[in-house]
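> Dropping in entry_36.pdb, with PDB, C-alpha atoms, pLDDT in the B column.
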```pdb
ATOM      1  CA  MET A1309     -13.241 133.555 -61.542  1.00 47.00           C
ATOM      2  CA  SER A1310     -13.744 129.804 -61.430  1.00 49.00           C
ATOM      3  CA  ALA A1311     -15.006 127.891 -58.417  1.00 50.00           C
ATOM      4  CA  ALA A1312     -12.515 125.906 -56.340  1.00 51.00           C
ATOM      5  CA  PRO A1313     -12.524 122.204 -57.176  1.00 49.00           C
ATOM      6  CA  GLU A1314     -14.432 120.020 -54.748  1.00 60.00           C
ATOM      7  CA  PRO A1315     -12.299 117.535 -52.771  1.00 75.00           C
ATOM      8  CA  GLN A1316     -12.663 113.976 -54.018  1.00 85.00           C
ATOM      9  CA  PHE A1317     -14.608 112.583 -51.051  1.00 92.00           C
ATOM     10  CA  ALA A1318     -16.334 115.775 -49.905  1.00 93.00           C
ATOM     11  CA  THR A1319     -19.785 114.147 -49.624  1.00 93.00           C
ATOM     12  CA  GLU A1320     -18.472 111.336 -47.417  1.00 93.00           C
ATOM     13  CA  THR A1321     -16.492 113.793 -45.283  1.00 93.00           C
ATOM     14  CA  VAL A1322     -19.574 115.970 -44.721  1.00 93.00           C
ATOM     15  CA  TRP A1323     -21.666 112.871 -43.916  1.00 92.00           C
ATOM     16  CA  ILE A1324     -19.288 111.519 -41.241  1.00 92.00           C
ATOM     17  CA  ARG A1325     -18.860 114.966 -39.674  1.00 91.00           C
ATOM     18  CA  GLU A1326     -22.635 115.480 -39.495  1.00 90.00           C
ATOM     19  CA  TYR A1327     -23.035 111.944 -38.132  1.00 89.00           C
ATOM     20  CA  ALA A1328     -20.483 112.752 -35.416  1.00 88.00           C
ATOM     21  CA  ALA A1329     -22.201 116.012 -34.528  1.00 85.00           C
ATOM     22  CA  THR A1330     -25.559 114.255 -34.229  1.00 85.00           C
ATOM     23  CA  TYR A1331     -24.808 110.820 -32.786  1.00 78.00           C
ATOM     24  CA  LEU A1332     -21.476 110.959 -30.976  1.00 67.00           C
ATOM     25  CA  PRO A1333     -22.189 112.641 -27.692  1.00 62.00           C
ATOM     26  CA  ARG A1334     -22.613 109.001 -26.593  1.00 63.00           C
ATOM     27  CA  GLU A1335     -20.537 105.894 -27.244  1.00 57.00           C
ATOM     28  CA  THR A1336     -23.426 103.953 -28.771  1.00 61.00           C
ATOM     29  CA  GLY A1337     -23.210 106.009 -31.968  1.00 72.00           C
ATOM     30  CA  PHE A1338     -20.763 103.585 -33.591  1.00 85.00           C
ATOM     31  CA  THR A1339     -19.457 100.046 -33.170  1.00 88.00           C
ATOM     32  CA  TYR A1340     -15.863  99.200 -32.267  1.00 90.00           C
ATOM     33  CA  THR A1341     -13.862  96.657 -30.299  1.00 91.00           C
ATOM     34  CA  PRO A1342     -12.183  98.019 -27.162  1.00 92.00           C
ATOM     35  CA  GLU A1343      -9.193  95.681 -27.687  1.00 95.00           C
ATOM     36  CA  MET A1344      -8.470  97.238 -31.071  1.00 94.00           C
ATOM     37  CA  LEU A1345      -8.446 100.733 -29.565  1.00 93.00           C
ATOM     38  CA  ARG A1346      -6.233  99.697 -26.639  1.00 94.00           C
ATOM     39  CA  ARG A1347      -3.759  97.996 -28.960  1.00 94.00           C
ATOM     40  CA  GLU A1348      -3.239 101.269 -30.849  1.00 92.00           C
ATOM     41  CA  ASN A1349      -3.502 103.497 -27.751  1.00 93.00           C
ATOM     42  CA  VAL A1350      -6.565 105.260 -29.180  1.00 93.00           C
ATOM     43  CA  SER A1351      -9.466 106.390 -27.011  1.00 91.00           C
ATOM     44  CA  VAL A1352     -13.131 106.793 -27.930  1.00 88.00           C
ATOM     45  CA  VAL A1353     -12.638 110.555 -27.555  1.00 88.00           C
ATOM     46  CA  ASP A1354      -9.784 110.367 -30.093  1.00 91.00           C
ATOM     47  CA  LEU A1355     -12.109 108.622 -32.567  1.00 90.00           C
ATOM     48  CA  ARG A1356     -14.815 111.215 -31.984  1.00 89.00           C
ATOM     49  CA  ASN A1357     -12.309 113.948 -32.855  1.00 91.00           C
ATOM     50  CA  VAL A1358     -11.318 112.143 -36.049  1.00 93.00           C
ATOM     51  CA  PHE A1359     -14.979 111.758 -37.042  1.00 92.00           C
ATOM     52  CA  ARG A1360     -15.777 115.422 -36.238  1.00 91.00           C
ATOM     53  CA  LEU A1361     -12.769 117.018 -37.927  1.00 91.00           C
ATOM     54  CA  GLY A1362     -11.135 114.389 -40.142  1.00 93.00           C
ATOM     55  CA  THR A1363     -11.241 113.889 -43.884  1.00 94.00           C
ATOM     56  CA  VAL A1364     -12.388 110.827 -45.799  1.00 96.00           C
ATOM     57  CA  THR A1365      -9.491 109.840 -48.057  1.00 95.00           C
ATOM     58  CA  TYR A1366     -10.951 106.672 -49.591  1.00 95.00           C
ATOM     59  CA  ALA A1367     -14.475 105.383 -50.237  1.00 95.00           C
ATOM     60  CA  ASN A1368     -15.554 102.258 -52.074  1.00 95.00           C
ATOM     61  CA  LYS A1369     -19.055 100.816 -52.377  1.00 93.00           C
ATOM     62  CA  LEU A1370     -19.216  97.166 -51.297  1.00 90.00           C
ATOM     63  CA  ASP A1371     -21.058  94.411 -53.184  1.00 89.00           C
ATOM     64  CA  GLY A1372     -23.517  94.112 -50.304  1.00 87.00           C
ATOM     65  CA  PRO A1373     -24.952  96.931 -48.244  1.00 90.00           C
ATOM     66  CA  GLY A1374     -22.606  99.701 -47.238  1.00 92.00           C
ATOM     67  CA  ALA A1375     -19.233 101.091 -48.179  1.00 95.00           C
ATOM     68  CA  LEU A1376     -15.664 100.981 -46.960  1.00 96.00           C
ATOM     69  CA  TRP A1377     -14.268 104.387 -45.984  1.00 96.00           C
ATOM     70  CA  ILE A1378     -10.876 105.469 -44.703  1.00 96.00           C
ATOM     71  CA  ILE A1379     -10.813 108.620 -42.619  1.00 96.00           C
ATOM     72  CA  GLU A1380      -7.743 110.459 -41.419  1.00 95.00           C
ATOM     73  CA  GLY A1381      -7.593 113.139 -38.766  1.00 94.00           C
ATOM     74  CA  SER A1382      -6.200 114.458 -35.522  1.00 93.00           C
ATOM     75  CA  ASP A1383      -6.808 113.023 -32.078  1.00 88.00           C
ATOM     76  CA  GLY A1384      -7.078 116.530 -30.624  1.00 82.00           C
ATOM     77  CA  ASP A1385      -3.590 116.436 -29.067  1.00 86.00           C
ATOM     78  CA  GLY A1386      -1.585 116.759 -32.269  1.00 86.00           C
ATOM     79  CA  GLY A1387      -1.427 113.036 -33.060  1.00 89.00           C
ATOM     80  CA  SER A1388      -2.699 111.561 -36.315  1.00 94.00           C
ATOM     81  CA  ILE A1389      -5.129 108.662 -36.583  1.00 95.00           C
ATOM     82  CA  CYS A1390      -6.286 106.675 -39.591  1.00 96.00           C
ATOM     83  CA  ALA A1391      -9.473 104.606 -39.291  1.00 96.00           C
ATOM     84  CA  GLN A1392     -11.104 102.138 -41.663  1.00 97.00           C
ATOM     85  CA  LEU A1393     -14.895 102.272 -41.409  1.00 96.00           C
ATOM     86  CA  TRP A1394     -17.763 100.178 -42.681  1.00 95.00           C
ATOM     87  CA  VAL A1395     -20.617 102.615 -43.295  1.00 94.00           C
ATOM     88  CA  ILE A1396     -24.241 101.894 -44.126  1.00 92.00           C
ATOM     89  CA  SER A1397     -25.692 105.365 -44.527  1.00 87.00           C
ATOM     90  CA  GLU A1398     -29.271 104.168 -45.091  1.00 87.00           C
ATOM     91  CA  THR A1399     -29.454 102.702 -41.558  1.00 87.00           C
ATOM     92  CA  LEU A1400     -26.900 105.066 -39.967  1.00 87.00           C
ATOM     93  CA  GLU A1401     -24.513 102.244 -39.064  1.00 89.00           C
ATOM     94  CA  VAL A1402     -20.813 102.967 -38.621  1.00 92.00           C
ATOM     95  CA  THR A1403     -18.415 100.182 -37.645  1.00 93.00           C
ATOM     96  CA  VAL A1404     -14.741 100.828 -36.991  1.00 94.00           C
ATOM     97  CA  ARG A1405     -12.931  97.953 -38.718  1.00 96.00           C
ATOM     98  CA  ARG A1406      -9.345  99.098 -38.099  1.00 96.00           C
ATOM     99  CA  VAL A1407      -7.669 101.994 -36.411  1.00 96.00           C
ATOM    100  CA  LYS A1408      -4.025 103.030 -36.531  1.00 95.00           C
ATOM    101  CA  ARG A1409      -2.143 105.779 -34.782  1.00 92.00           C
ATOM    102  CA  VAL A1410       0.095 107.310 -37.451  1.00 89.00           C
ATOM    103  CA  LYS A1411       3.609 108.067 -36.348  1.00 82.00           C
ATOM    104  CA  THR A1412       5.237 111.050 -38.001  1.00 73.00           C
ATOM    105  CA  LEU A1413       8.926 111.114 -38.790  1.00 65.00           C
ATOM    106  CA  GLU A1414      10.957 113.945 -37.394  1.00 62.00           C
ATOM    107  CA  GLU A1415      13.079 115.904 -39.820  1.00 53.00           C
ATOM    108  CA  PRO A1416      16.859 115.609 -39.347  1.00 59.00           C
ATOM    109  CA  GLY A1417      18.177 118.377 -37.151  1.00 59.00           C
ATOM    110  CA  ASN A1418      14.884 118.784 -35.253  1.00 57.00           C
ATOM    111  CA  ALA A1419      15.543 116.022 -32.730  1.00 54.00           C
ATOM    112  CA  ALA A1420      15.527 117.121 -29.109  1.00 51.00           C
TER
END
```
Here is the file; what I need is its structure written in the form of structure tokens.


Amino acid sequence: MSAAPEPQFATETVWIREYAATYLPRETGFTYTPEMLRRENVSVVDLRNVFRLGTVTYANKLDGPGALWIIEGSDGDGGSICAQLWVISETLEVTVRRVKRVKTLEEPGNAA
């Protein structure tokens, strides 16, 4: 019996989830702009949920310090959120560069 293949960005996903578990009981655990969150109707609690339970779907090392990650997850109320992060793991810095509430399309015939 062969082992299940490891997801592509499993290390990054584990890192951000552990970061959230350790540093996100408080808002100072990561950097963001309140205007960006308001524009997309995303709260800090929504972002915490994405960090705690989401999955990193893209990671690319930058020329300078850090890496660009994209994480996707649920806001805790059934909505989907996609966030672009700048992560410097050596200094435990996480900056939210962009955030987007993902709208899902309803299937025909399921409209209320």

> Closest to A:Thr1339 among A:Thr1403, A:Gln1316, A:Ser1397, A:Ser1388, using all atoms listed in the file?

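Closest to A:Thr1339, using all atoms listed in the file: A:Thr1403.
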
> Could you tell me which residues the PyMOL selection byres ((chain A and resi 1381) around 6) returns for this structure, as a VMD selection string?

chain A and resid 1358 1362 1380 1382 1388 to 1389

> Just how far from atom CA of A:Gly1386 is atom CA of A:Asn1349, in Å to one decimal?

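Going from atom CA of A:Asn1349 over to atom CA of A:Gly1386 covers 14.1 Å.
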
> Hey, which of A:Ile1396, A:Ala1391, A:Ala1318, A:Tyr1331 ends up closest to A:Leu1355? Count all atoms listed in the file.

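Residue with the minimum atom-to-atom distance to A:Leu1355: A:Ala1391.
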
> Between atom CA of A:Asn1368 and atom CA of A:Val1350, what distance in Å does the model show, to one decimal?

24.8 Å

> Just the number, please: distance in Å from atom CA of A:Leu1370 to atom CA of A:Lys1411, one decimal.

29.4 Å

> Set the distance at 12 Å and use only C-alpha atoms: which residues neighbour A:Gly1374 once local chain neighbours fewer than 3 positions away are removed? I'd like the list as a list in words.

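My list of contacting residues is Ala1367, Asn1368, Lys1369, Leu1370, Asp1371, Trp1377, Leu1393, Trp1394, Val1395, Ile1396, Ser1397, Glu1398, Thr1399, Leu1400, Glu1401, Val1402 and Thr1403 of chain A.
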
> Which residues come within 8 Å of A:Glu1348, counting all atoms listed in the file, excluding same-chain residues fewer than 4 positions away, as a list in words?

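Close residues of A:Glu1348: Met1344, Val1407, Lys1408 and Arg1409 of chain A.
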
> Might you spell out which residues the PyMOL selection byres ((chain A and resi 1353) around 12) would select in the displayed file, as a list in words?

Ala1328, Leu1332, Pro1333, Arg1334, Glu1335, Leu1345, Asn1349, Val1350, Ser1351, Val1352, Asp1354, Leu1355, Arg1356, Asn1357, Val1358, Phe1359, Arg1360, Ser1382, Asp1383, Gly1384, Asp1385 and Ile1389 of chain A

> Starting from the PyMOL selection byres ((chain A and resi 1379) around 6), expand the selection into actual residues of this file and give them as a list in words.

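Selected by the PyMOL selection byres ((chain A and resi 1379) around 6) in this file: Thr1363, Val1364, Thr1365, Ile1378, Glu1380, Cys1390 and Ala1391 of chain A.
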